[in-house]
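J.: You'll find entry_29.cif just under this line, and it carries mmCIF, C-alpha atoms (C1' of nucleotides).
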```
data_upload
loop_
_atom_site.label_atom_id
_atom_site.label_comp_id
_atom_site.auth_asym_id
_atom_site.auth_seq_id
_atom_site.Cartn_x
_atom_site.Cartn_y
_atom_site.Cartn_z
CA MET N 1099 16.64 -27.84 -11.41
CA VAL N 1100 14.76 -28.97 -8.34
CA VAL N 1101 11.64 -27.09 -7.33
CA GLN N 1102 12.03 -25.81 -3.78
CA GLN N 1103 10.08 -27.07 -0.80
CA ASP N 1104 7.12 -24.92 0.03
CA SER N 1105 7.91 -24.12 3.63
CA GLY N 1106 11.64 -24.48 4.08
CA GLU N 1107 12.04 -26.71 7.12
CA ALA N 1108 8.94 -28.45 8.44
CA ARG N 1109 10.62 -30.34 11.27
CA HIS N 1110 8.73 -31.29 14.39
CA GLN N 1111 5.47 -29.72 13.35
CA ARG N 1112 2.19 -30.95 14.70
CA ALA N 1113 -0.28 -32.05 12.05
CA ASP N 1114 -2.86 -29.38 12.88
CA ALA N 1115 -0.20 -26.68 12.79
CA ALA N 1116 0.84 -27.66 9.28
CA ARG N 1117 -2.79 -27.71 8.22
CA ASN N 1118 -3.31 -24.26 9.68
CA ARG N 1119 -0.51 -22.82 7.62
CA GLU N 1120 -2.03 -24.18 4.43
CA ARG N 1121 -5.47 -22.92 5.37
CA LEU N 1122 -4.12 -19.48 6.15
CA LEU N 1123 -2.44 -19.21 2.77
CA ALA N 1124 -5.60 -20.36 1.00
CA ALA N 1125 -7.76 -17.96 3.00
CA ALA N 1126 -5.37 -15.11 2.31
CA ALA N 1127 -5.52 -15.84 -1.41
CA ASP N 1128 -9.31 -15.74 -1.29
CA VAL N 1129 -9.56 -12.57 0.76
CA PHE N 1130 -6.98 -10.68 -1.28
CA ARG N 1131 -8.70 -11.75 -4.48
CA GLU N 1132 -12.07 -10.53 -3.24
CA ARG N 1133 -11.20 -7.44 -1.23
CA GLY N 1134 -7.85 -6.47 -2.62
CA LEU N 1135 -4.65 -6.31 -0.60
CA GLY N 1136 -6.38 -4.18 2.02
CA GLY N 1137 -8.33 -7.22 3.19
CA GLY N 1138 -7.93 -7.56 6.95
CA VAL N 1139 -6.02 -10.23 8.83
CA GLY N 1140 -9.06 -10.75 11.02
CA GLU N 1141 -11.13 -11.99 8.11
CA ILE N 1142 -8.28 -14.16 6.88
CA ALA N 1143 -7.90 -15.81 10.27
CA GLU N 1144 -11.65 -16.26 10.56
CA ARG N 1145 -11.97 -17.93 7.15
CA ALA N 1146 -9.03 -20.16 7.96
CA GLY N 1147 -10.86 -21.12 11.14
CA VAL N 1148 -8.10 -20.02 13.52
CA GLY N 1149 -7.50 -17.17 15.93
CA ARG N 1150 -5.68 -14.02 14.95
CA ALA N 1151 -2.64 -14.95 17.02
CA THR N 1152 -2.19 -18.20 15.14
CA LEU N 1153 -1.83 -16.25 11.94
CA PHE N 1154 0.95 -14.24 13.56
CA ARG N 1155 2.83 -17.31 14.76
CA ASN N 1156 2.96 -18.65 11.20
CA PHE N 1157 3.68 -15.29 9.62
CA PRO N 1158 5.29 -12.69 11.87
CA THR N 1159 3.64 -9.89 9.96
CA LYS N 1160 0.94 -9.29 7.38
CA GLN N 1161 3.61 -8.39 4.88
CA ALA N 1162 5.31 -11.72 5.56
CA LEU N 1163 2.02 -13.44 4.78
CA MET N 1164 1.75 -11.59 1.48
CA VAL N 1165 5.33 -12.45 0.63
CA ALA N 1166 4.76 -16.13 1.44
CA LEU N 1167 1.67 -16.15 -0.74
CA LEU N 1168 3.55 -14.46 -3.55
CA ALA N 1169 6.35 -17.02 -3.32
CA HIS N 1170 3.76 -19.79 -3.34
CA GLU N 1171 2.15 -18.50 -6.52
CA MET N 1172 5.46 -17.78 -8.17
CA ARG N 1173 6.41 -21.40 -7.61
CA GLN N 1174 3.22 -22.56 -9.24
CA ALA N 1175 3.90 -20.32 -12.21
CA ILE N 1176 7.43 -21.65 -12.49
CA ALA N 1177 6.21 -25.24 -12.34
CA GLN N 1178 3.76 -24.56 -15.15
CA GLY N 1179 6.54 -22.97 -17.16
CA ARG N 1180 8.80 -25.98 -16.71
CA GLN N 1181 6.02 -28.20 -17.99
CA THR N 1182 5.39 -25.94 -20.96
CA LEU N 1183 9.10 -25.99 -21.76
CA ALA N 1184 9.30 -29.78 -21.47
CA GLU N 1185 6.33 -30.34 -23.78
CA ALA N 1186 7.28 -27.74 -26.34
CA ASP N 1187 9.50 -28.96 -29.10
CA ASP N 1188 9.57 -27.29 -32.47
CA HIS N 1189 7.57 -24.18 -31.58
CA GLY N 1190 8.36 -21.07 -29.57
CA VAL N 1191 7.57 -21.17 -25.90
CA LEU N 1192 8.42 -17.83 -24.33
CA MET N 1193 5.58 -15.68 -25.60
CA GLN N 1194 3.05 -18.41 -25.01
CA TYR N 1195 4.24 -18.63 -21.43
CA ALA N 1196 4.01 -14.88 -21.12
CA GLU N 1197 0.30 -15.01 -21.89
CA ARG N 1198 -0.20 -17.65 -19.26
CA VAL N 1199 1.62 -15.62 -16.64
CA ILE N 1200 -0.43 -12.55 -17.46
CA ALA N 1201 -3.59 -14.53 -16.84
CA LEU N 1202 -2.24 -15.66 -13.47
CA GLN N 1203 -1.33 -12.10 -12.53
CA GLN N 1204 -4.79 -10.87 -13.36
CA GLU N 1205 -6.32 -13.49 -11.09
CA ASN N 1206 -4.12 -12.30 -8.26
CA ARG N 1207 -5.15 -8.66 -8.51
CA GLY N 1208 -1.59 -7.58 -9.02
CA LEU N 1209 -0.33 -9.20 -5.85
CA LEU N 1210 3.14 -9.39 -7.30
CA GLN N 1211 3.34 -5.72 -8.02
CA ALA N 1212 2.00 -4.56 -4.71
CA VAL N 1213 4.35 -6.73 -2.75
CA ALA N 1214 7.27 -6.75 -5.09
CA TRP N 1215 8.07 -3.07 -5.20
CA ASP N 1216 8.51 -3.06 -1.45
CA ALA N 1217 10.01 -6.36 -0.59
CA TYR N 1218 11.10 -8.12 -3.70
CA MET N 1219 14.57 -9.27 -2.91
CA GLU N 1220 14.68 -8.61 0.78
CA ASP N 1221 12.98 -11.87 1.60
CA PRO N 1222 15.30 -14.84 0.97
CA GLU N 1223 12.40 -17.04 -0.11
CA ILE N 1224 11.45 -14.55 -2.80
CA ALA N 1225 15.06 -14.10 -3.83
CA ALA N 1226 15.48 -17.84 -4.33
CA THR N 1227 12.23 -18.15 -6.25
CA HIS N 1228 13.16 -15.18 -8.36
CA ALA N 1229 16.45 -16.84 -9.23
CA ASP N 1230 14.54 -19.97 -10.28
CA LEU N 1231 12.32 -17.87 -12.50
CA MET N 1232 15.29 -16.20 -14.15
CA ALA N 1233 16.84 -19.59 -14.80
CA LEU N 1234 13.61 -20.80 -16.38
CA LEU N 1235 13.45 -17.74 -18.60
CA ASP N 1236 17.05 -18.26 -19.67
CA GLU N 1237 16.24 -21.79 -20.73
CA MET N 1238 13.15 -20.68 -22.60
CA ILE N 1239 15.11 -17.99 -24.38
CA ALA N 1240 17.80 -20.46 -25.33
CA HIS N 1241 15.16 -22.87 -26.60
CA ASP N 1242 13.54 -20.23 -28.78
CA GLN N 1243 16.89 -18.93 -29.96
CA GLN N 1244 17.79 -22.37 -31.31
CA LEU N 1245 14.59 -22.22 -33.34
CA GLY N 1246 15.68 -18.84 -34.65
CA LEU N 1247 12.76 -17.04 -33.06
CA ILE N 1248 14.56 -14.81 -30.59
CA ARG N 1249 17.62 -12.81 -31.40
CA ASN N 1250 20.91 -13.06 -29.57
CA GLY N 1251 21.77 -10.76 -26.70
CA ILE N 1252 18.34 -10.93 -25.09
CA SER N 1253 18.57 -11.80 -21.39
CA ALA N 1254 16.07 -12.98 -18.81
CA SER N 1255 16.18 -9.62 -17.09
CA ASP N 1256 15.38 -7.90 -20.39
CA VAL N 1257 12.30 -10.08 -20.74
CA MET N 1258 11.27 -9.43 -17.15
CA MET N 1259 11.59 -5.71 -17.63
CA LEU N 1260 9.53 -5.69 -20.82
CA MET N 1261 6.92 -7.92 -19.27
CA LYS N 1262 6.53 -5.70 -16.24
CA GLY N 1263 5.13 -3.03 -18.50
CA VAL N 1264 2.60 -5.45 -19.89
CA PHE N 1265 1.72 -6.66 -16.39
CA ALA N 1266 1.19 -3.10 -15.28
CA VAL N 1267 -1.37 -2.54 -18.02
CA ALA N 1268 -2.96 -5.95 -17.62
CA CYS N 1269 -3.42 -5.59 -13.86
CA SER N 1270 -4.42 -1.95 -13.78
CA PRO N 1271 -7.85 -1.69 -12.13
CA LEU N 1272 -9.50 -0.08 -15.09
CA GLY N 1273 -7.31 -1.56 -17.62
CA GLY N 1274 -7.99 -5.22 -18.22
CA ASP N 1275 -8.55 -3.97 -21.78
CA ALA N 1276 -7.72 -7.23 -23.50
CA ALA N 1277 -7.06 -5.69 -26.90
CA ALA N 1278 -4.44 -3.31 -25.50
CA VAL N 1279 -2.74 -6.12 -23.62
CA GLU N 1280 -2.61 -8.22 -26.78
CA ARG N 1281 -1.19 -5.32 -28.75
CA HIS N 1282 1.48 -4.60 -26.14
CA LEU N 1283 2.43 -8.23 -25.99
CA GLN N 1284 2.96 -8.23 -29.74
CA LEU N 1285 5.16 -5.17 -29.43
CA VAL N 1286 7.26 -6.87 -26.78
CA GLY N 1287 7.44 -9.94 -28.97
CA GLN N 1288 8.75 -7.83 -31.83
CA ALA N 1289 11.30 -6.23 -29.56
CA ILE N 1290 12.97 -9.54 -28.85
CA ALA N 1291 12.26 -11.36 -32.14
CA THR N 1292 14.99 -12.02 -34.68
CA ALA N 1293 13.55 -10.55 -37.86
CA ARG N 1294 11.47 -7.47 -38.43
CA ASP N 1295 8.48 -9.29 -39.78
CA GLY N 1296 5.47 -7.35 -38.61
CA SER N 1297 3.14 -10.35 -38.62
CA ARG N 1298 4.65 -11.93 -35.53
CA MET E 1389 -2.39 23.06 -25.45
CA VAL E 1390 -2.93 25.01 -22.25
CA VAL E 1391 -1.40 23.72 -19.03
CA GLN E 1392 -4.12 23.21 -16.45
CA GLN E 1393 -4.52 25.26 -13.30
CA ASP E 1394 -3.03 23.63 -10.28
CA SER E 1395 -6.09 23.51 -8.08
CA GLY E 1396 -9.13 23.59 -10.31
CA GLU E 1397 -11.29 26.40 -8.92
CA ALA E 1398 -9.72 28.70 -6.34
CA ARG E 1399 -12.68 31.03 -5.88
CA HIS E 1400 -13.28 32.86 -2.63
CA GLN E 1401 -10.32 31.41 -0.80
CA ARG E 1402 -8.67 33.18 2.07
CA ALA E 1403 -4.99 33.84 1.61
CA ASP E 1404 -3.88 31.69 4.53
CA ALA E 1405 -6.00 28.81 3.28
CA ALA E 1406 -4.35 28.87 -0.13
CA ARG E 1407 -0.95 29.01 1.54
CA ASN E 1408 -1.84 26.04 3.69
CA ARG E 1409 -2.67 23.92 0.67
CA GLU E 1410 0.72 24.67 -0.86
CA ARG E 1411 2.50 23.95 2.40
CA LEU E 1412 0.68 20.66 2.80
CA LEU E 1413 1.68 19.48 -0.66
CA ALA E 1414 5.29 20.48 -0.06
CA ALA E 1415 5.34 18.80 3.35
CA ALA E 1416 3.79 15.66 1.89
CA ALA E 1417 6.45 15.54 -0.81
CA ASP E 1418 9.17 15.80 1.85
CA VAL E 1419 7.70 13.20 4.17
CA PHE E 1420 7.00 10.69 1.41
CA ARG E 1421 10.50 11.14 0.06
CA GLU E 1422 12.06 10.56 3.47
CA ARG E 1423 9.78 7.94 5.00
CA GLY E 1424 8.16 6.40 1.97
CA LEU E 1425 4.45 6.40 1.31
CA GLY E 1426 3.79 5.05 4.80
CA GLY E 1427 4.68 8.42 6.27
CA GLY E 1428 1.91 9.57 8.56
CA VAL E 1429 -0.52 12.42 8.05
CA GLY E 1430 0.29 13.68 11.52
CA GLU E 1431 3.87 14.44 10.56
CA ILE E 1432 2.78 16.02 7.29
CA ALA E 1433 0.38 18.35 9.08
CA GLU E 1434 2.99 19.18 11.67
CA ARG E 1435 5.65 20.06 9.11
CA ALA E 1436 3.14 22.15 7.22
CA GLY E 1437 2.45 23.96 10.50
CA VAL E 1438 -1.27 23.16 10.58
CA GLY E 1439 -3.58 20.90 12.51
CA ARG E 1440 -4.56 17.45 11.30
CA ALA E 1441 -8.09 18.55 10.51
CA THR E 1442 -6.89 21.25 8.16
CA LEU E 1443 -5.19 18.61 6.10
CA PHE E 1444 -8.47 16.78 5.81
CA ARG E 1445 -10.40 19.84 4.71
CA ASN E 1446 -7.98 20.36 1.84
CA PHE E 1447 -7.76 16.68 0.96
CA PRO E 1448 -10.67 14.51 2.05
CA THR E 1449 -8.43 11.49 2.44
CA LYS E 1450 -4.77 10.58 2.57
CA GLN E 1451 -5.15 8.92 -0.80
CA ALA E 1452 -6.56 12.17 -2.20
CA LEU E 1453 -3.46 13.94 -0.94
CA MET E 1454 -1.22 11.43 -2.68
CA VAL E 1455 -3.21 11.78 -5.86
CA ALA E 1456 -3.01 15.56 -5.73
CA LEU E 1457 0.74 15.37 -5.21
CA LEU E 1458 1.08 12.94 -8.09
CA ALA E 1459 -0.94 15.22 -10.35
CA HIS E 1460 1.24 18.14 -9.26
CA GLU E 1461 4.43 16.33 -10.17
CA MET E 1462 3.01 14.97 -13.39
CA ARG E 1463 2.25 18.53 -14.43
CA GLN E 1464 5.82 19.57 -13.72
CA ALA E 1465 7.08 16.65 -15.79
CA ILE E 1466 4.75 17.57 -18.65
CA ALA E 1467 5.87 21.19 -18.53
CA GLN E 1468 9.50 20.10 -18.75
CA GLY E 1469 8.61 17.89 -21.68
CA ARG E 1470 6.92 20.71 -23.54
CA GLN E 1471 10.02 22.80 -23.09
CA THR E 1472 12.26 19.99 -24.31
CA LEU E 1473 10.05 19.55 -27.34
CA ALA E 1474 10.03 23.26 -28.13
CA GLU E 1475 13.81 23.54 -27.91
CA ALA E 1476 14.60 20.36 -29.81
CA ASP E 1477 14.87 20.73 -33.51
CA ASP E 1478 16.91 18.35 -35.57
CA HIS E 1479 17.54 15.71 -32.93
CA GLY E 1480 15.34 13.08 -31.31
CA VAL E 1481 13.51 14.07 -28.19
CA LEU E 1482 11.53 11.10 -26.89
CA MET E 1483 14.31 8.98 -25.43
CA GLN E 1484 16.03 12.00 -23.94
CA TYR E 1485 12.79 12.92 -22.24
CA ALA E 1486 12.42 9.35 -21.00
CA GLU E 1487 15.70 9.63 -19.13
CA ARG E 1488 14.56 12.85 -17.50
CA VAL E 1489 11.28 11.30 -16.38
CA ILE E 1490 13.10 8.31 -14.94
CA ALA E 1491 15.19 10.65 -12.82
CA LEU E 1492 12.06 12.38 -11.57
CA GLN E 1493 10.46 9.05 -10.70
CA GLN E 1494 13.47 7.97 -8.72
CA GLU E 1495 13.34 11.15 -6.67
CA ASN E 1496 9.73 10.46 -5.82
CA ARG E 1497 10.33 7.00 -4.49
CA GLY E 1498 7.94 5.49 -7.01
CA LEU E 1499 5.04 7.65 -5.96
CA LEU E 1500 3.44 7.22 -9.34
CA GLN E 1501 3.47 3.47 -9.17
CA ALA E 1502 2.17 3.20 -5.65
CA VAL E 1503 -0.70 5.52 -6.32
CA ALA E 1504 -1.30 4.73 -9.93
CA TRP E 1505 -2.12 1.06 -9.68
CA ASP E 1506 -4.97 1.84 -7.35
CA ALA E 1507 -6.38 5.09 -8.48
CA TYR E 1508 -4.95 6.05 -11.80
CA MET E 1509 -7.96 7.08 -13.80
CA GLU E 1510 -10.55 7.25 -11.08
CA ASP E 1511 -9.57 10.75 -10.09
CA PRO E 1512 -10.62 13.30 -12.73
CA GLU E 1513 -7.56 15.46 -12.07
CA ILE E 1514 -5.29 12.52 -12.82
CA ALA E 1515 -7.33 11.53 -15.85
CA ALA E 1516 -6.98 15.01 -17.31
CA THR E 1517 -3.26 15.17 -16.59
CA HIS E 1518 -2.79 11.73 -18.04
CA ALA E 1519 -4.53 12.87 -21.23
CA ASP E 1520 -2.13 15.83 -21.41
CA LEU E 1521 0.80 13.48 -21.06
CA MET E 1522 -0.45 11.23 -23.84
CA ALA E 1523 -0.90 14.25 -26.09
CA LEU E 1524 2.67 15.33 -25.34
CA LEU E 1525 4.00 11.88 -26.13
CA ASP E 1526 2.07 11.82 -29.39
CA GLU E 1527 3.68 15.09 -30.40
CA MET E 1528 7.13 13.84 -29.45
CA ILE E 1529 6.60 10.67 -31.42
CA ALA E 1530 5.44 12.62 -34.45
CA HIS E 1531 8.47 14.90 -34.13
CA ASP E 1532 10.88 11.98 -34.02
CA GLN E 1533 9.08 10.17 -36.79
CA GLN E 1534 9.60 13.11 -39.11
CA LEU E 1535 13.31 12.78 -38.40
CA GLY E 1536 13.07 9.11 -39.32
CA LEU E 1537 14.03 7.99 -35.82
CA ILE E 1538 10.84 6.24 -34.75
CA ARG E 1539 8.94 3.85 -36.91
CA ASN E 1540 5.30 4.21 -37.86
CA GLY E 1541 2.57 2.55 -35.88
CA ILE E 1542 4.05 3.38 -32.47
CA SER E 1543 1.51 5.04 -30.18
CA ALA E 1544 1.78 6.97 -26.94
CA SER E 1545 0.25 4.09 -25.04
CA ASP E 1546 2.89 1.75 -26.48
CA VAL E 1547 5.59 4.05 -25.17
CA MET E 1548 3.92 4.32 -21.78
CA MET E 1549 3.69 0.56 -21.51
CA LEU E 1550 7.32 0.01 -22.42
CA MET E 1551 8.44 2.75 -20.08
CA LYS E 1552 6.53 1.33 -17.15
CA GLY E 1553 8.83 -1.66 -17.24
CA VAL E 1554 11.85 0.60 -17.10
CA PHE E 1555 10.29 2.65 -14.29
CA ALA E 1556 9.64 -0.51 -12.35
CA VAL E 1557 13.31 -1.45 -12.49
CA ALA E 1558 14.52 2.08 -11.92
CA CYS E 1559 12.35 2.61 -8.84
CA SER E 1560 12.71 -0.81 -7.29
CA PRO E 1561 14.14 -0.37 -3.79
CA LEU E 1562 17.20 -2.46 -4.44
CA GLY E 1563 17.40 -1.78 -8.05
CA GLY E 1564 18.58 1.69 -8.85
CA ASP E 1565 21.27 -0.28 -10.72
CA ALA E 1566 22.08 2.43 -13.25
CA ALA E 1567 23.70 0.09 -15.76
CA ALA E 1568 20.61 -2.12 -15.95
CA VAL E 1569 18.35 0.89 -16.37
CA GLU E 1570 20.53 2.21 -19.18
CA ARG E 1571 20.51 -1.19 -20.86
CA HIS E 1572 16.76 -1.52 -20.64
CA LEU E 1573 16.25 1.94 -21.96
CA GLN E 1574 18.34 1.04 -24.99
CA LEU E 1575 16.24 -2.04 -25.54
CA VAL E 1576 13.06 0.02 -25.43
CA GLY E 1577 14.66 2.48 -27.80
CA GLN E 1578 15.39 -0.32 -30.22
CA ALA E 1579 11.84 -1.59 -29.95
CA ILE E 1580 10.43 1.64 -31.28
CA ALA E 1581 13.29 2.71 -33.58
CA THR E 1582 13.02 2.56 -37.35
CA ALA E 1583 16.07 0.54 -38.34
CA ARG E 1584 17.70 -2.40 -36.67
CA ASP E 1585 20.99 -0.69 -36.09
CA GLY E 1586 22.26 -1.97 -32.78
CA SER E 1587 24.24 1.13 -31.91
CA ARG E 1588 21.21 3.26 -31.09
"C1'" DA U 276 -14.77 31.19 6.73
"C1'" DC U 277 -11.28 28.79 8.65
"C1'" DC U 278 -8.69 26.65 12.21
"C1'" DT U 279 -7.62 23.35 16.11
"C1'" DG U 280 -6.74 19.56 19.72
"C1'" DA U 281 -9.14 16.00 21.52
"C1'" DA U 282 -11.90 11.97 20.64
"C1'" DC U 283 -13.29 7.92 17.57
"C1'" DA U 284 -12.75 3.79 14.82
"C1'" DC U 285 -10.20 0.53 12.69
"C1'" DC U 286 -6.64 -2.82 12.15
"C1'" DG U 287 -2.09 -4.93 12.76
"C1'" DT U 288 0.25 -6.93 16.59
"C1'" DT U 289 1.07 -8.86 21.33
"C1'" DC U 290 0.02 -11.17 25.68
"C1'" DA U 291 -1.86 -13.78 29.57
"C1'" DA U 292 -4.27 -17.72 30.09
"C1'" DG U 293 -5.87 -22.06 28.46
"C1'" DT U 294 -5.42 -27.19 26.65
"C1'" DA M 616 3.73 -27.42 21.64
"C1'" DC M 617 0.07 -25.02 20.12
"C1'" DC M 618 -4.06 -22.39 20.42
"C1'" DT M 619 -7.19 -18.40 21.71
"C1'" DG M 620 -9.92 -13.98 22.83
"C1'" DA M 621 -9.06 -9.91 24.92
"C1'" DA M 622 -6.08 -5.96 25.26
"C1'" DC M 623 -2.64 -2.60 23.13
"C1'" DA M 624 -0.82 0.75 19.89
"C1'" DC M 625 -1.00 3.24 15.96
"C1'" DC M 626 -2.96 6.05 12.44
"C1'" DG M 627 -6.54 7.82 9.35
"C1'" DT M 628 -10.65 10.42 10.06
"C1'" DT M 629 -14.26 13.30 12.41
"C1'" DC M 630 -16.22 16.61 15.69
"C1'" DA M 631 -17.21 20.16 19.13
"C1'" DA M 632 -15.43 24.30 20.23
"C1'" DG M 633 -12.77 28.35 19.19
"C1'" DT M 634 -11.40 32.85 16.45
#
```
Go ahead and express the file in the form of structure tokens.
T.:
Amino acid sequence: MVVQQDSGEARHQRADAARNRERLLAAAADVFRERGLGGGVGEIAERAGVGRATLFRNFPTKQALMVALLAHEMRQAIAQGRQTLAEADDHGVLMQYAERVIALQQENRGLLQAVAWDAYMEDPEIAATHADLMALLDEMIAHDQQLGLIRNGISASDVMMLMKGVFAVACSPLGGDAAAVERHLQLVGQAIATARDGSR
Amino acid sequence: MVVQQDSGEARHQRADAARNRERLLAAAADVFRERGLGGGVGEIAERAGVGRATLFRNFPTKQALMVALLAHEMRQAIAQGRQTLAEADDHGVLMQYAERVIALQQENRGLLQAVAWDAYMEDPEIAATHADLMALLDEMIAHDQQLGLIRNGISASDVMMLMKGVFAVACSPLGGDAAAVERHLQLVGQAIATARDGSR
DNA sequence: ACCTGAACACCGTTCAAGT
DNA sequence: ACCTGAACACCGTTCAAGT
């Protein structure tokens, strides 16, 4: 259950080069947040304080940069989830985590969706991170099942699928409508809950 | 319950101009299907047998062309749904329609998703078509509720939200995995069904 | 009233030259 | 070993000229 290294192999890398990679990721996050995914690589390089070409040595393509950023933020989300799971004891953890992830997604302007539909599993880094996420969800489901909160037969991929619908609404440009998101989340919660209660 | 005209106002339009608009939409559908949404406007114009500039008189921007195409295909899907609803009598109609829409989405290479997240409600044509779709879903839900198949309190926007998750899986580049789609659809069906049955 | 090919502008990507 | 600004290529968009 080890969290993966952020950059694969970082062998004989000069200190400034490593710093540049970090700066580029941070700058990309800022620019995408402000301008949307159409934000230009020129501005990203400028904010990172490097030349365009340096960006393209670190990330062979703009898409690769987006994928790396996505993987980076997925890892953060997974780390938070592991912490939530470790601290939780006698109360359910999955739906609480779902709310947290929705908030992260909204901050990122739907980065996951924009990148994911094109390149989700093609990139090995994303594939590995995705596998980690599925494992985390499986553990959360098992945890909540032992408390009798989630019914049997629900899988991590089921949860992902249901959550994608909520994400879609939550990240829609018009649609941050918090009430609708809350309502949909409840509906998803009911879909995987053990008893037909209505109140939770 | 009138289906909207395809092009809003078509007042004093020369015959060849009207034909060009149709050809451009058809060519765009072909190119996007073959090359994905990155397909160039040059190729679209060429296949339609017109110059680039003609494309831009009919659609002020490439995005506008995608939106118009999306609206066009949404209208077809709505028309099919109305027919399904009219023919159905003593059996449920919503989930059957869902399967049909999924098939349409897969043909379009996820056009809806790619366009929708950016521009869903901003375009008035899309907003109107979306309203028509919601009305159709409401009628389908009411129909199935009278048969005791769908529980009370389920709204069209709930169904849309749940379906978006299924669409996302169904249209993911890797993921046409038919078994997973079928499984997810069942789960969604259970989420809105009246009784906890398990078999349907 | 509508069409067109050529030109423009922008942005992702590469390259020759620097340290 | 790494960096850079200038050049390249591509594609969405516009324009001057045609019918």
J.: At a cut-off of 10 Å, using all atoms listed in the file, what residues contact stretch 623-633 of chain M? Leave out same-chain residues fewer than 5 positions from it and give the result as a ChimeraX atom specification.
T.: /E:1428-1430,1440-1441,1444,1448-1450 /U:278-290
J.: For chain E, list the residues within 6 Å of chain N, counting only C-alpha atoms, and write the list as a PyMOL selection string.
T.: chain E and resi 1505+1549-1550+1552-1553+1560+1579
J.: What residues come out when you apply the PyMOL selection byres ((chain E and resi 1473-1484) around 10) to this file, written as a PyMOL selection string?
T.: chain E and resi 1467-1472+1485-1489+1524-1538+1547+1573-1574+1576-1577
J.: Can I get the selection written as a PDB file, keeping the file's coordinate frame, with C-alpha atoms?
T.:
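Everything below was put into out11.pdb:
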```
ATOM      1  CA  ALA E1467       5.870  21.190 -18.530  1.00  0.00           C
ATOM      2  CA  GLN E1468       9.500  20.100 -18.750  1.00  0.00           C
ATOM      3  CA  GLY E1469       8.610  17.890 -21.680  1.00  0.00           C
ATOM      4  CA  ARG E1470       6.920  20.710 -23.540  1.00  0.00           C
ATOM      5  CA  GLN E1471      10.020  22.800 -23.090  1.00  0.00           C
ATOM      6  CA  THR E1472      12.260  19.990 -24.310  1.00  0.00           C
ATOM      7  CA  TYR E1485      12.790  12.920 -22.240  1.00  0.00           C
ATOM      8  CA  ALA E1486      12.420   9.350 -21.000  1.00  0.00           C
ATOM      9  CA  GLU E1487      15.700   9.630 -19.130  1.00  0.00           C
ATOM     10  CA  ARG E1488      14.560  12.850 -17.500  1.00  0.00           C
ATOM     11  CA  VAL E1489      11.280  11.300 -16.380  1.00  0.00           C
ATOM     12  CA  LEU E1524       2.670  15.330 -25.340  1.00  0.00           C
ATOM     13  CA  LEU E1525       4.000  11.880 -26.130  1.00  0.00           C
ATOM     14  CA  ASP E1526       2.070  11.820 -29.390  1.00  0.00           C
ATOM     15  CA  GLU E1527       3.680  15.090 -30.400  1.00  0.00           C
ATOM     16  CA  MET E1528       7.130  13.840 -29.450  1.00  0.00           C
ATOM     17  CA  ILE E1529       6.600  10.670 -31.420  1.00  0.00           C
ATOM     18  CA  ALA E1530       5.440  12.620 -34.450  1.00  0.00           C
ATOM     19  CA  HIS E1531       8.470  14.900 -34.130  1.00  0.00           C
ATOM     20  CA  ASP E1532      10.880  11.980 -34.020  1.00  0.00           C
ATOM     21  CA  GLN E1533       9.080  10.170 -36.790  1.00  0.00           C
ATOM     22  CA  GLN E1534       9.600  13.110 -39.110  1.00  0.00           C
ATOM     23  CA  LEU E1535      13.310  12.780 -38.400  1.00  0.00           C
ATOM     24  CA  GLY E1536      13.070   9.110 -39.320  1.00  0.00           C
ATOM     25  CA  LEU E1537      14.030   7.990 -35.820  1.00  0.00           C
ATOM     26  CA  ILE E1538      10.840   6.240 -34.750  1.00  0.00           C
ATOM     27  CA  VAL E1547       5.590   4.050 -25.170  1.00  0.00           C
ATOM     28  CA  LEU E1573      16.250   1.940 -21.960  1.00  0.00           C
ATOM     29  CA  GLN E1574      18.340   1.040 -24.990  1.00  0.00           C
ATOM     30  CA  VAL E1576      13.060   0.020 -25.430  1.00  0.00           C
ATOM     31  CA  GLY E1577      14.660   2.480 -27.800  1.00  0.00           C
TER      32      GLY E1577
END
```
J.: What's the separation between atom CA of N:Ile1176 and atom CA of N:Ala1254, in Å to one decimal place?
T.: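 Those two atoms sit 13.8 Å apart.
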J.: Please, what distance in Å, to one decimal, runs between atom CA of N:Leu1122 and atom CA of N:Arg1145?
T.: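 Going from atom CA of N:Leu1122 over to atom CA of N:Arg1145, I get 8.1 Å.
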J.: What's the separation between atom CA of E:Ala1459 and atom CA of E:Asp1520, in Å to one decimal place?
T.: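 Answer for the atom CA of E:Ala1459 to atom CA of E:Asp1520 separation: 11.1 Å.
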J.: If the box runs along x, y and z of the file and leaves 5 Å on each side of stretch 625-633 of chain M, what are its centre and edge lengths in Å, one decimal, as AutoDock Vina command-line options?
T.:
```
--center_x -9.1 --center_y 15.8 --center_z 14.8 --size_x 26.2 --size_y 35.1 --size_z 20.9
```
J.: Could you give me, as a compact mmCIF listing (two decimals) with C-alpha atoms (C1' of nucleotides), in the coordinates of the input, the residues that sit within 10 Å of (-1.2, -25.3, 19.5) in the file's coordinates, counting all atoms listed in the file?
T.:
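Wrote it out as part-v2.txt, contents follow:
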```txt
# COMPACT_ATOMS: atom_id res chain seq x y z
CA ARG N 1112 2.19 -30.95 14.70
CA ASP N 1114 -2.86 -29.38 12.88
CA ALA N 1115 -0.20 -26.68 12.79
CA THR N 1152 -2.19 -18.20 15.14
C1' DT U 294 -5.42 -27.19 26.65
C1' DA M 616 3.73 -27.42 21.64
C1' DC M 617 0.07 -25.02 20.12
C1' DC M 618 -4.06 -22.39 20.42
C1' DT M 619 -7.19 -18.40 21.71
```
